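Asker: Here you go, coords-v3.csv (CSV, C-alpha atoms):
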```
chain,number,residue,atom,x,y,z
R,1,MET,CA,0.0,0.0,0.0
R,2,PRO,CA,1.6,3.3,-1.1
R,3,GLN,CA,0.2,5.1,2.0
R,4,LEU,CA,2.5,3.1,4.3
R,5,ASP,CA,5.7,3.9,2.5
R,6,PRO,CA,7.7,6.3,4.7
R,7,SER,CA,10.0,7.4,1.9
R,8,PHE,CA,7.1,9.6,0.6
R,9,PHE,CA,6.2,11.1,4.0
R,10,SER,CA,8.7,13.9,3.9
R,11,THR,CA,7.6,15.3,0.5
R,12,GLN,CA,3.9,15.1,1.4
R,13,LEU,CA,4.4,16.8,4.7
R,14,VAL,CA,6.5,19.6,3.2
R,15,TRP,CA,4.1,20.2,0.4
R,16,LEU,CA,1.2,20.1,2.7
R,17,PHE,CA,2.8,22.8,4.8
R,18,LEU,CA,3.7,24.8,1.6
R,19,THR,CA,0.1,24.7,0.4
R,20,LEU,CA,-1.9,24.8,3.6
R,21,VAL,CA,-0.1,27.8,5.1
R,22,PRO,CA,-0.5,30.1,2.0
R,23,LEU,CA,-4.2,29.0,1.8
R,24,TYR,CA,-4.6,29.9,5.4
R,25,LEU,CA,-2.9,33.3,4.9
R,26,ILE,CA,-5.0,34.1,1.8
R,27,LEU,CA,-8.2,33.1,3.5
R,28,ARG,CA,-7.4,34.9,6.7
R,29,ARG,CA,-5.9,38.1,5.3
R,30,ALA,CA,-7.9,38.6,2.1
R,31,VAL,CA,-11.0,36.5,1.8
R,32,LEU,CA,-12.6,36.4,5.2
R,33,PRO,CA,-12.3,40.1,5.9
R,34,ARG,CA,-13.7,40.8,2.4
R,35,ILE,CA,-16.7,38.5,2.9
R,36,GLY,CA,-17.2,40.0,6.4
R,37,GLU,CA,-17.1,43.5,5.0
R,38,VAL,CA,-19.6,42.7,2.2
R,39,LEU,CA,-22.0,41.0,4.6
R,40,GLU,CA,-21.7,43.8,7.1
R,41,ALA,CA,-22.3,46.4,4.4
R,42,ARG,CA,-25.4,44.5,3.3
R,43,GLN,CA,-26.6,44.2,6.9
R,44,ARG,CA,-26.0,47.9,7.4
R,45,HIS,CA,-27.8,48.7,4.2
R,46,ILE,CA,-30.8,46.6,5.2
R,47,ASP,CA,-30.8,48.2,8.7
R,48,THR,CA,-30.7,51.7,7.4
R,49,ASP,CA,-33.5,50.9,4.9
R,50,LEU,CA,-35.6,49.4,7.6
R,51,GLU,CA,-34.9,52.5,9.8
R,52,LYS,CA,-35.9,54.8,7.0
R,53,ALA,CA,-39.0,52.8,6.3
R,54,THR,CA,-40.0,53.0,10.0
R,55,LYS,CA,-39.4,56.7,10.0
R,56,LEU,CA,-41.4,57.2,6.9
R,57,ARG,CA,-44.2,55.2,8.3
R,58,GLN,CA,-44.2,57.2,11.5
R,59,GLU,CA,-44.4,60.4,9.5
R,60,ALA,CA,-47.2,59.0,7.4
R,61,GLU,CA,-49.1,58.1,10.6
R,62,ALA,CA,-48.6,61.6,12.0
R,63,VAL,CA,-49.9,63.1,8.7
R,64,LEU,CA,-52.9,60.7,8.9
R,65,ALA,CA,-53.5,61.7,12.5
R,66,ASP,CA,-53.4,65.4,11.5
R,67,TYR,CA,-55.7,64.8,8.6
R,68,GLU,CA,-58.2,63.0,10.8
R,69,LYS,CA,-58.0,65.7,13.4
R,70,ALA,CA,-58.7,68.4,10.8
R,71,LEU,CA,-61.5,66.3,9.4
R,72,THR,CA,-63.1,65.9,12.8
R,73,GLU,CA,-62.7,69.6,13.5
R,74,ALA,CA,-64.2,70.5,10.1
R,75,ARG,CA,-67.1,68.1,10.7
R,76,SER,CA,-67.9,69.6,14.1
R,77,ARG,CA,-67.6,73.1,12.7
R,78,ALA,CA,-70.0,72.2,10.0
R,79,VAL,CA,-72.5,70.7,12.4
R,80,GLU,CA,-72.3,73.9,14.5
R,81,ALA,CA,-72.8,76.1,11.5
R,82,VAL,CA,-75.8,74.1,10.4
R,83,LYS,CA,-77.3,74.4,13.9
R,84,GLU,CA,-76.6,78.1,14.0
R,85,ALA,CA,-78.2,78.7,10.6
R,86,GLY,CA,-81.2,76.6,11.7
R,87,LEU,CA,-81.6,78.7,14.8
R,88,GLU,CA,-81.2,82.0,12.8
R,89,MET,CA,-83.8,80.8,10.3
R,90,THR,CA,-86.2,79.9,13.0
R,91,ALA,CA,-85.8,83.2,14.7
R,92,ALA,CA,-86.2,85.1,11.4
R,93,SER,CA,-89.3,83.2,10.6
R,94,ALA,CA,-90.7,83.8,14.1
R,95,ARG,CA,-90.0,87.5,13.7
R,96,ARG,CA,-91.6,87.7,10.4
R,97,HIS,CA,-94.5,85.7,11.6
R,98,GLU,CA,-95.0,88.1,14.5
R,99,ALA,CA,-94.7,91.1,12.3
R,100,PHE,CA,-97.1,89.7,9.8
R,101,GLY,CA,-99.5,88.9,12.7
R,102,GLN,CA,-99.3,92.5,14.0
R,103,GLU,CA,-99.9,93.9,10.5
R,104,LEU,CA,-102.8,91.5,10.2
R,105,ALA,CA,-104.2,92.5,13.5
R,106,ALA,CA,-103.9,96.2,12.6
R,107,THR,CA,-105.6,95.7,9.4
R,108,ALA,CA,-108.4,93.8,11.1
R,109,GLN,CA,-108.8,96.5,13.7
R,110,GLU,CA,-109.0,99.2,11.1
R,111,ALA,CA,-111.5,97.2,9.1
R,112,GLU,CA,-113.5,96.7,12.2
R,113,GLY,CA,-113.4,100.5,12.9
R,114,ARG,CA,-114.5,101.1,9.4
R,115,ILE,CA,-117.3,98.7,9.7
R,116,THR,CA,-118.5,100.2,13.0
R,117,ARG,CA,-118.4,103.6,11.5
R,118,ALA,CA,-120.3,102.5,8.4
R,119,LYS,CA,-122.8,100.8,10.7
R,120,GLU,CA,-123.3,104.0,12.8
R,121,GLU,CA,-123.6,106.0,9.6
R,122,ALA,CA,-126.0,103.6,8.2
R,123,LEU,CA,-128.0,103.6,11.4
R,124,ALA,CA,-128.0,107.4,11.4
R,125,HIS,CA,-129.2,107.4,7.8
R,126,VAL,CA,-131.8,104.9,8.8
R,127,SER,CA,-133.6,107.3,11.2
R,128,THR,CA,-133.4,110.2,8.7
R,129,VAL,CA,-134.9,107.9,6.0
R,130,ALA,CA,-137.5,106.6,8.5
R,131,ASN,CA,-138.4,110.2,9.3
R,132,GLU,CA,-138.7,111.1,5.7
R,133,VAL,CA,-140.7,108.0,4.9
R,134,ALA,CA,-142.9,108.5,7.9
R,135,ALA,CA,-143.5,112.2,6.9
R,136,ALA,CA,-144.2,111.2,3.3
R,137,VAL,CA,-146.5,108.3,4.3
R,138,ALA,CA,-148.4,110.6,6.8
R,139,ALA,CA,-148.7,113.3,4.1
R,140,LYS,CA,-150.2,110.8,1.7
R,141,LEU,CA,-152.5,109.4,4.3
R,142,ILE,CA,-153.7,112.6,5.9
R,143,GLY,CA,-152.9,115.0,3.2
R,144,ALA,CA,-151.1,117.4,5.4
R,145,GLU,CA,-147.5,117.5,6.2
R,146,PRO,CA,-146.8,116.7,9.9
R,147,ALA,CA,-144.4,118.8,11.8
R,148,ALA,CA,-140.8,117.7,11.4
R,149,ASP,CA,-140.1,117.3,15.1
R,150,GLN,CA,-143.4,115.5,15.7
R,151,VAL,CA,-142.4,112.9,13.1
R,152,GLU,CA,-139.0,112.6,14.5
R,153,ASN,CA,-140.2,111.9,18.0
R,154,THR,CA,-142.8,109.5,16.9
R,155,VAL,CA,-140.3,107.5,14.8
R,156,LYS,CA,-137.9,107.5,17.6
R,157,GLU,CA,-140.5,106.2,20.0
R,158,VAL,CA,-141.5,103.5,17.6
R,159,MET,CA,-137.9,102.4,16.9
R,160,GLU,CA,-137.0,102.4,20.5
R,161,GLY,CA,-140.2,100.6,21.4
R,162,ARG,CA,-139.2,97.9,18.9
R,163,GLY,CA,-135.6,98.0,19.7
V,164,MET,CA,-3.5,7.7,-10.4
V,165,ALA,CA,-7.2,7.1,-10.2
V,166,GLU,CA,-8.2,5.2,-13.2
V,167,ASN,CA,-11.9,5.5,-12.3
V,168,GLY,CA,-12.9,5.6,-15.9
V,169,GLY,CA,-12.0,1.9,-16.0
V,170,SER,CA,-9.4,1.4,-18.7
V,171,GLY,CA,-9.1,-2.2,-17.4
V,172,GLY,CA,-6.7,-4.8,-16.5
V,173,GLY,CA,-3.3,-5.1,-15.0
V,174,HIS,CA,-3.2,-2.3,-12.4
V,175,SER,CA,-3.9,-3.1,-8.8
V,176,PRO,CA,-6.8,-1.1,-7.2
V,177,LEU,CA,-4.2,0.6,-5.0
V,178,ALA,CA,-2.1,1.8,-8.0
V,179,GLN,CA,-4.2,5.0,-8.0
V,180,PHE,CA,-2.6,5.9,-4.7
V,181,GLU,CA,1.0,5.7,-5.9
V,182,ILE,CA,3.0,8.8,-5.5
V,183,LYS,CA,5.0,9.8,-8.6
V,184,GLU,CA,7.7,12.3,-8.8
V,185,ILE,CA,7.2,15.1,-11.2
V,186,VAL,CA,10.2,17.3,-10.3
V,187,PRO,CA,12.7,15.5,-8.1
V,188,ILE,CA,14.0,17.8,-5.3
V,189,GLU,CA,16.3,16.7,-2.5
V,190,ILE,CA,17.3,19.0,0.3
V,191,GLY,CA,19.6,17.8,3.2
V,192,GLY,CA,19.0,14.1,2.4
V,193,LEU,CA,15.2,14.6,2.5
V,194,ASP,CA,13.1,13.8,-0.6
V,195,LEU,CA,11.0,16.9,-1.2
V,196,SER,CA,10.1,16.2,-4.7
V,197,PHE,CA,7.2,17.9,-6.4
V,198,THR,CA,4.9,14.9,-6.9
V,199,ASN,CA,1.4,14.2,-8.2
V,200,SER,CA,0.2,14.7,-4.6
V,201,SER,CA,1.9,18.1,-4.4
V,202,LEU,CA,0.4,19.0,-7.8
V,203,PHE,CA,-3.1,18.4,-6.5
V,204,MET,CA,-2.4,20.2,-3.2
V,205,VAL,CA,-1.3,23.3,-5.2
V,206,ALA,CA,-4.3,22.9,-7.5
V,207,ALA,CA,-6.6,22.8,-4.5
V,208,VAL,CA,-5.1,25.9,-3.1
V,209,MET,CA,-5.3,27.8,-6.4
V,210,LEU,CA,-8.8,26.7,-6.9
V,211,ALA,CA,-9.9,27.7,-3.4
V,212,ALA,CA,-8.1,31.0,-3.7
V,213,SER,CA,-9.4,32.0,-7.1
V,214,PHE,CA,-12.9,30.8,-6.1
V,215,PHE,CA,-13.0,33.1,-3.1
V,216,LEU,CA,-10.9,36.0,-4.4
V,217,LEU,CA,-12.6,36.2,-7.9
V,218,GLY,CA,-16.0,35.5,-6.4
V,219,MET,CA,-15.8,38.3,-3.9
V,220,ARG,CA,-14.0,40.7,-6.4
V,221,ARG,CA,-17.0,42.9,-6.9
V,222,GLY,CA,-18.4,42.5,-3.5
V,223,ALA,CA,-21.9,43.4,-4.7
V,224,LEU,CA,-24.7,44.3,-2.4
V,225,VAL,CA,-26.9,42.0,-4.3
V,226,PRO,CA,-24.7,39.0,-5.1
V,227,GLY,CA,-24.5,37.1,-8.4
V,228,ARG,CA,-24.3,33.4,-8.6
V,229,TRP,CA,-20.6,33.1,-8.0
V,230,GLN,CA,-20.6,35.5,-5.1
V,231,SER,CA,-23.6,33.7,-3.7
V,232,ALA,CA,-21.7,30.4,-3.8
V,233,VAL,CA,-18.8,32.1,-1.9
V,234,GLU,CA,-21.2,33.5,0.7
V,235,ILE,CA,-23.0,30.2,1.1
V,236,SER,CA,-19.8,28.3,1.7
V,237,TYR,CA,-18.8,31.0,4.2
V,238,GLU,CA,-22.1,31.0,5.9
V,239,PHE,CA,-22.1,27.3,6.1
V,240,VAL,CA,-18.8,27.0,7.9
V,241,ALA,CA,-19.5,30.1,10.0
V,242,GLY,CA,-22.9,28.7,11.1
V,243,LEU,CA,-21.2,25.4,12.0
V,244,PHE,CA,-18.6,27.3,14.0
V,245,ARG,CA,-21.1,29.6,15.7
V,246,ASP,CA,-23.3,26.6,16.7
V,247,THR,CA,-20.4,24.6,18.2
V,248,VAL,CA,-17.9,27.1,19.4
V,249,GLY,CA,-19.7,30.4,19.7
V,250,GLN,CA,-18.4,34.0,19.7
V,251,GLU,CA,-15.5,33.4,22.1
V,252,GLY,CA,-13.3,31.3,19.8
V,253,ARG,CA,-13.8,33.7,16.8
V,254,GLN,CA,-10.1,34.0,16.1
V,255,TYR,CA,-9.8,30.2,15.4
V,256,PHE,CA,-12.5,30.3,12.7
V,257,PRO,CA,-10.0,30.8,9.8
V,258,VAL,CA,-8.3,27.6,10.8
V,259,VAL,CA,-11.5,25.6,10.6
V,260,PHE,CA,-12.5,27.4,7.4
V,261,THR,CA,-9.1,26.6,5.8
V,262,LEU,CA,-9.1,23.0,6.8
V,263,PHE,CA,-12.7,22.5,5.6
V,264,MET,CA,-12.0,24.1,2.2
V,265,PHE,CA,-8.7,22.3,1.7
V,266,ILE,CA,-10.2,18.9,2.5
V,267,LEU,CA,-13.4,19.5,0.5
V,268,ILE,CA,-11.6,20.6,-2.6
V,269,GLY,CA,-9.0,17.9,-2.2
V,270,ASN,CA,-11.7,15.3,-1.9
V,271,LEU,CA,-13.7,16.7,-4.9
V,272,LEU,CA,-10.6,16.9,-7.1
V,273,GLY,CA,-10.0,13.3,-6.3
V,274,MET,CA,-13.3,12.5,-7.9
V,275,LEU,CA,-12.0,13.5,-11.3
V,276,PRO,CA,-10.9,10.5,-13.3
V,277,TYR,CA,-7.1,9.9,-13.4
V,278,SER,CA,-6.6,12.5,-10.7
V,279,PHE,CA,-4.9,12.0,-7.3
V,280,THR,CA,-6.6,12.2,-3.9
V,281,PHE,CA,-4.1,13.7,-1.5
V,282,THR,CA,-6.6,13.1,1.4
V,283,SER,CA,-6.3,9.4,0.8
V,284,HIS,CA,-2.8,9.4,2.4
V,285,ILE,CA,-2.7,8.9,6.1
V,286,ILE,CA,0.4,11.1,6.5
V,287,VAL,CA,-1.5,14.1,5.1
V,288,THR,CA,-4.7,13.6,7.1
V,289,PHE,CA,-2.6,12.8,10.2
V,290,ALA,CA,-0.6,15.9,9.8
V,291,MET,CA,-3.7,18.0,9.7
V,292,ALA,CA,-5.2,16.1,12.7
V,293,ALA,CA,-2.0,16.5,14.6
V,294,VAL,CA,-2.0,20.3,14.0
V,295,VAL,CA,-5.6,20.4,15.3
V,296,PHE,CA,-4.8,18.2,18.3
V,297,ILE,CA,-1.6,20.0,19.3
V,298,GLY,CA,-3.2,23.4,18.7
V,299,VAL,CA,-6.2,22.6,20.8
V,300,THR,CA,-4.2,21.2,23.6
V,301,ILE,CA,-2.0,24.3,23.7
V,302,LEU,CA,-5.1,26.4,23.6
V,303,GLY,CA,-6.6,24.4,26.5
V,304,PHE,CA,-3.5,24.9,28.7
V,305,ALA,CA,-3.1,28.5,27.7
V,306,LYS,CA,-6.7,29.2,28.6
V,307,HIS,CA,-7.0,27.2,31.8
V,308,GLY,CA,-3.5,26.5,32.9
V,309,MET,CA,-3.1,23.4,35.0
V,310,ARG,CA,-6.8,23.3,35.6
V,311,PHE,CA,-7.1,21.9,32.1
V,312,PHE,CA,-6.1,18.5,33.6
V,313,ALA,CA,-9.5,18.5,35.2
V,314,PHE,CA,-10.8,18.0,31.7
V,315,PHE,CA,-9.8,14.3,32.2
V,316,VAL,CA,-12.1,13.9,35.2
V,317,PRO,CA,-15.7,13.4,34.2
V,318,PRO,CA,-17.9,15.8,36.2
V,319,GLY,CA,-20.0,14.2,38.9
V,320,ALA,CA,-18.1,11.0,38.9
V,321,PRO,CA,-17.4,9.5,42.4
V,322,VAL,CA,-13.7,9.8,43.5
V,323,ALA,CA,-13.5,6.0,43.8
V,324,MET,CA,-14.1,5.7,40.0
V,325,TRP,CA,-11.3,8.2,39.1
V,326,PRO,CA,-8.5,5.6,38.8
V,327,LEU,CA,-10.6,3.9,36.2
V,328,LEU,CA,-12.1,6.9,34.4
V,329,ILE,CA,-9.1,9.1,34.2
V,330,PRO,CA,-7.0,6.7,32.1
V,331,ILE,CA,-10.1,6.1,29.8
V,332,GLU,CA,-10.5,9.9,29.3
V,333,VAL,CA,-6.8,10.4,28.7
V,334,ILE,CA,-6.7,7.6,26.1
V,335,SER,CA,-9.8,8.9,24.4
V,336,TYR,CA,-8.3,12.4,24.3
V,337,LEU,CA,-5.0,11.0,22.9
V,338,SER,CA,-6.8,9.0,20.3
V,339,ARG,CA,-8.5,12.0,18.9
V,340,PRO,CA,-5.9,12.8,16.2
V,341,ILE,CA,-5.8,9.1,15.2
V,342,SER,CA,-9.6,8.8,14.8
V,343,LEU,CA,-9.8,12.2,13.1
V,344,SER,CA,-7.1,11.3,10.5
V,345,VAL,CA,-8.0,7.7,10.0
V,346,ARG,CA,-11.7,8.5,9.4
V,347,LEU,CA,-10.9,10.8,6.5
V,348,PHE,CA,-8.1,8.7,5.1
V,349,ALA,CA,-10.0,5.4,5.4
V,350,ASN,CA,-13.1,6.9,3.8
V,351,MET,CA,-11.1,8.2,0.8
V,352,LEU,CA,-9.1,5.0,0.5
V,353,ALA,CA,-12.1,2.6,0.7
V,354,GLY,CA,-14.3,4.7,-1.7
V,355,HIS,CA,-11.6,5.0,-4.4
V,356,THR,CA,-10.5,1.4,-4.1
V,357,LEU,CA,-14.1,0.2,-4.3
V,358,LEU,CA,-14.7,2.4,-7.4
V,359,LYS,CA,-11.5,1.0,-9.0
V,360,VAL,CA,-12.5,-2.6,-8.2
V,361,ILE,CA,-16.0,-2.3,-9.6
V,362,ALA,CA,-14.8,-0.4,-12.6
V,363,GLY,CA,-12.4,-3.3,-13.2
V,364,PHE,CA,-15.4,-5.6,-13.8
V,365,ILE,CA,-16.6,-3.6,-16.7
V,366,PRO,CA,-14.1,-4.7,-19.3
V,367,VAL,CA,-14.1,-8.2,-17.9
V,368,LEU,CA,-17.9,-8.7,-18.2
V,369,GLY,CA,-17.9,-7.1,-21.7
V,370,ILE,CA,-20.4,-4.9,-23.4
V,371,VAL,CA,-23.5,-6.7,-22.3
V,372,PHE,CA,-23.1,-7.5,-18.7
V,373,GLY,CA,-20.6,-4.7,-18.1
V,374,VAL,CA,-23.6,-2.3,-17.9
V,375,ILE,CA,-24.3,-3.6,-14.4
V,376,PRO,CA,-21.0,-2.6,-12.8
V,377,LEU,CA,-21.0,0.6,-14.9
V,378,ALA,CA,-24.3,1.6,-13.4
V,379,LEU,CA,-22.9,0.7,-10.0
V,380,VAL,CA,-19.9,2.9,-10.6
V,381,VAL,CA,-22.1,5.8,-11.7
V,382,ALA,CA,-24.1,5.4,-8.4
V,383,LEU,CA,-21.0,5.1,-6.4
V,384,VAL,CA,-19.5,8.2,-7.9
V,385,GLY,CA,-22.6,10.1,-6.6
V,386,LEU,CA,-22.1,8.5,-3.2
V,387,GLU,CA,-18.4,9.4,-3.2
V,388,ILE,CA,-19.1,13.0,-4.0
V,389,LEU,CA,-21.5,13.0,-1.0
V,390,ILE,CA,-18.8,11.4,1.2
V,391,ALA,CA,-16.2,13.9,-0.1
V,392,PHE,CA,-18.4,16.7,1.3
V,393,LEU,CA,-19.4,14.8,4.4
V,394,GLN,CA,-15.9,13.9,5.5
V,395,ALA,CA,-14.8,17.5,5.1
V,396,TYR,CA,-17.8,18.5,7.2
V,397,VAL,CA,-17.0,15.9,9.8
V,398,PHE,CA,-13.4,17.0,10.0
V,399,ALA,CA,-14.5,20.6,10.4
V,400,ILE,CA,-17.2,20.0,13.0
V,401,LEU,CA,-14.9,17.8,15.1
V,402,THR,CA,-12.2,20.5,15.0
V,403,CYS,CA,-14.9,22.9,16.2
V,404,LEU,CA,-15.9,20.6,19.0
V,405,TYR,CA,-12.3,20.2,20.1
V,406,ILE,CA,-11.8,23.9,20.1
V,407,ASN,CA,-15.0,24.3,22.2
V,408,ASP,CA,-13.7,21.6,24.6
V,409,ALA,CA,-10.5,23.5,25.0
V,410,LEU,CA,-12.3,26.8,25.5
V,411,HIS,CA,-15.1,25.7,27.8
V,412,MET,CA,-13.8,22.4,29.2
V,413,HIS,CA,-16.9,20.2,29.9
```
Starting from the coordinates I provided, produce the structure as structure tokens.

Answerer:
Amino acid sequence: MPQLDPSFFSTQLVWLFLTLVPLYLILRRAVLPRIGEVLEARQRHIDTDLEKATKLRQEAEAVLADYEKALTEARSRAVEAVKEAGLEMTAASARRHEAFGQELAATAQEAEGRITRAKEEALAHVSTVANEVAAAVAAKLIGAEPAADQVENTVKEVMEGRG
Amino acid sequence: MAENGGSGGGHSPLAQFEIKEIVPIEIGGLDLSFTNSSLFMVAAVMLAASFFLLGMRRGALVPGRWQSAVEISYEFVAGLFRDTVGQEGRQYFPVVFTLFMFILIGNLLGMLPYSFTFTSHIIVTFAMAAVVFIGVTILGFAKHGMRFFAFFVPPGAPVAMWPLLIPIEVISYLSRPISLSVRLFANMLAGHTLLKVIAGFIPVLGIVFGVIPLALVVALVGLEILIAFLQAYVFAILTCLYINDALHMH
């Protein structure tokens, strides 16, 4: 078996040393730091990206909160404005209603006054007409014109007696 | 030379493990010739170095395929190291990484037909295991001083049992480099020998029945590639466990 021939041990040991040591130095000095550097840079990149994303999300959340606050405020202001407008309208309508009622009442009173006056006038005319009619009727019936004040008294008596 | 392709006949299944001088060198009476074994060691180092150096050349934030392969192999060994040793032994990680890569690429290069598997030589695996063993022992004494001898006393064992348990612990500790090196060497030796033996049946059985050993060789090549990876992994994880033992005792 060639493995057990000691005459080849020295060359194998020396060449093992001459190859393994440079490999170790290359890996240790050049390769491993380089890999570590690249992996670290990648990790750092990922970390900063994550950090940035977190910050942006927080900002977005703040903006959203602001927006919602503004929205709520606007909504409450709108509700208030509607309420105020309603109240104002109610008040205005009540005022106008009242004014119109007063106007109406004044008109009605005036009309009533006019009616009363017309009635009185009419009643006054009624006695004159009655006197004239009574005088004319008496003149036709008796052929002589009765005295004006006699007719007046008589008519007054009759009307009051009826009244 | 591994004649896994099966060009038949006269060679012994062990002929693939023969070391052949390419450039004879002799210094101070020692034979330091550049051999087929040296050639594949140098090839493994150049492959590993170019794989990592060229793969990480751009060091892109979003890695391409090659860089991903480099990062995956790094993460694999780093994860293994983290799980067994932890942060404390961080400075020994390059040793484990180097051993893993050297053994893995050596094993995989050995899977090429007509190539040479330097990890199939006990002297090579034993030298690596000895480095691990000696280094770990020095580390244990440097870290814990004489208290490192307490490592040979199983915790919670009654004192009466010590005369029995301590020799067992010492022997198991001393056999670590042997088991570590023999495991890798034997796996490579057995796998490649088996491949050669079965491949030898192909020309003997001829074109009709030779298909059966051929199919078997194809399946075994797959298995051997798995073992090539697995043995590098086992070597690395045991090295990690030994480092952990030296750092944290029990």

Asker: Find the spatial neighbours of stretch 385-402 of chain V, counting only C-alpha atoms, within a cut-off of 9 Å - ignore same-chain residues fewer than 5 positions away - and output them as an MDAnalysis selection string.

Answerer: chainID V and resid 240 243:244 247 259:260 262:271 273:274 292 295:296 299 343:344 346:347 350:351 354:355 358 380 407

Asker: Using all atoms listed in the file, determine which residues of chain V fall within 6 Å of chain R; present them as an MDAnalysis selection string.

Answerer: chainID V and resid 181 194:196 201 205 208 222 224 257 261 284

Asker: Take every atom of stretch 130-143 of chain R listed in the file, fit an axis-aligned box around them, add 5 Å per side, and give the centre and edge lengths in Å to one decimal as AutoDock Vina command-line options.

Answerer:
```
--center_x -145.6 --center_y 110.8 --center_z 5.5 --size_x 26.2 --size_y 18.4 --size_z 17.6
```

Asker: Just to confirm, what's the straight-line distance from atom CA of R:Val133 to atom CA of R:Val151 in Å (one decimal)?

Answerer: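 Straight-line distance from atom CA of R:Val133 to atom CA of R:Val151 works out to 9.7 Å.
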
Asker: Please measure the separation of atom CA of V:Gln179 and atom CA of V:Phe279, giving the value in Å to one decimal.

Answerer: 7.1 Å

Asker: Give me the residues within 10 Å of V:Glu332 as a compact mmCIF listing (two decimals) with C-alpha atoms, in the coordinates of the input, counting only C-alpha atoms and dropping any in the same chain fewer than 5 places off.

Answerer:
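So result.txt came out as:
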```
# COMPACT_ATOMS: atom_id res chain seq x y z
CA PHE V 314 -10.80 18.00 31.70
CA PHE V 315 -9.80 14.30 32.20
CA VAL V 316 -12.10 13.90 35.20
CA PRO V 317 -15.70 13.40 34.20
CA TRP V 325 -11.30 8.20 39.10
CA LEU V 327 -10.60 3.90 36.20
CA LEU V 337 -5.00 11.00 22.90
CA SER V 338 -6.80 9.00 20.30
```

Asker: For atom CA of R:Ala118 and atom CA of R:Glu157, determine how far apart the two atoms are, in Å to one decimal place.

Answerer: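 If I compute the distance from atom CA of R:Ala118 to atom CA of R:Glu157, I get 23.6 Å.
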
Asker: Which neighbours of R:Ala144 fall inside 10 Å, counting only C-alpha atoms, when residues of the same chain fewer than 6 positions from it are skipped, and could you give them as a PyMOL selection string?

Answerer: chain R and resi 135-136+138

Asker: Could you name the residues that touch V:Leu302 at 8 Å or less, counting all atoms listed in the file, but leaving out those on the same chain fewer than 6 positions away, as a ChimeraX atom specification?

Answerer: /V:406,409-410

Asker: Would you pick out the contacts of V:Glu251 at 10 Å or less, using all atoms listed in the file, so that residues sharing its chain but fewer than 3 positions from it are not included, and give the list as a list in words?

Answerer: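 Selected residues are Arg245, Val248, Gln254, Tyr255, Asn407, Leu410 and His411 of chain V.
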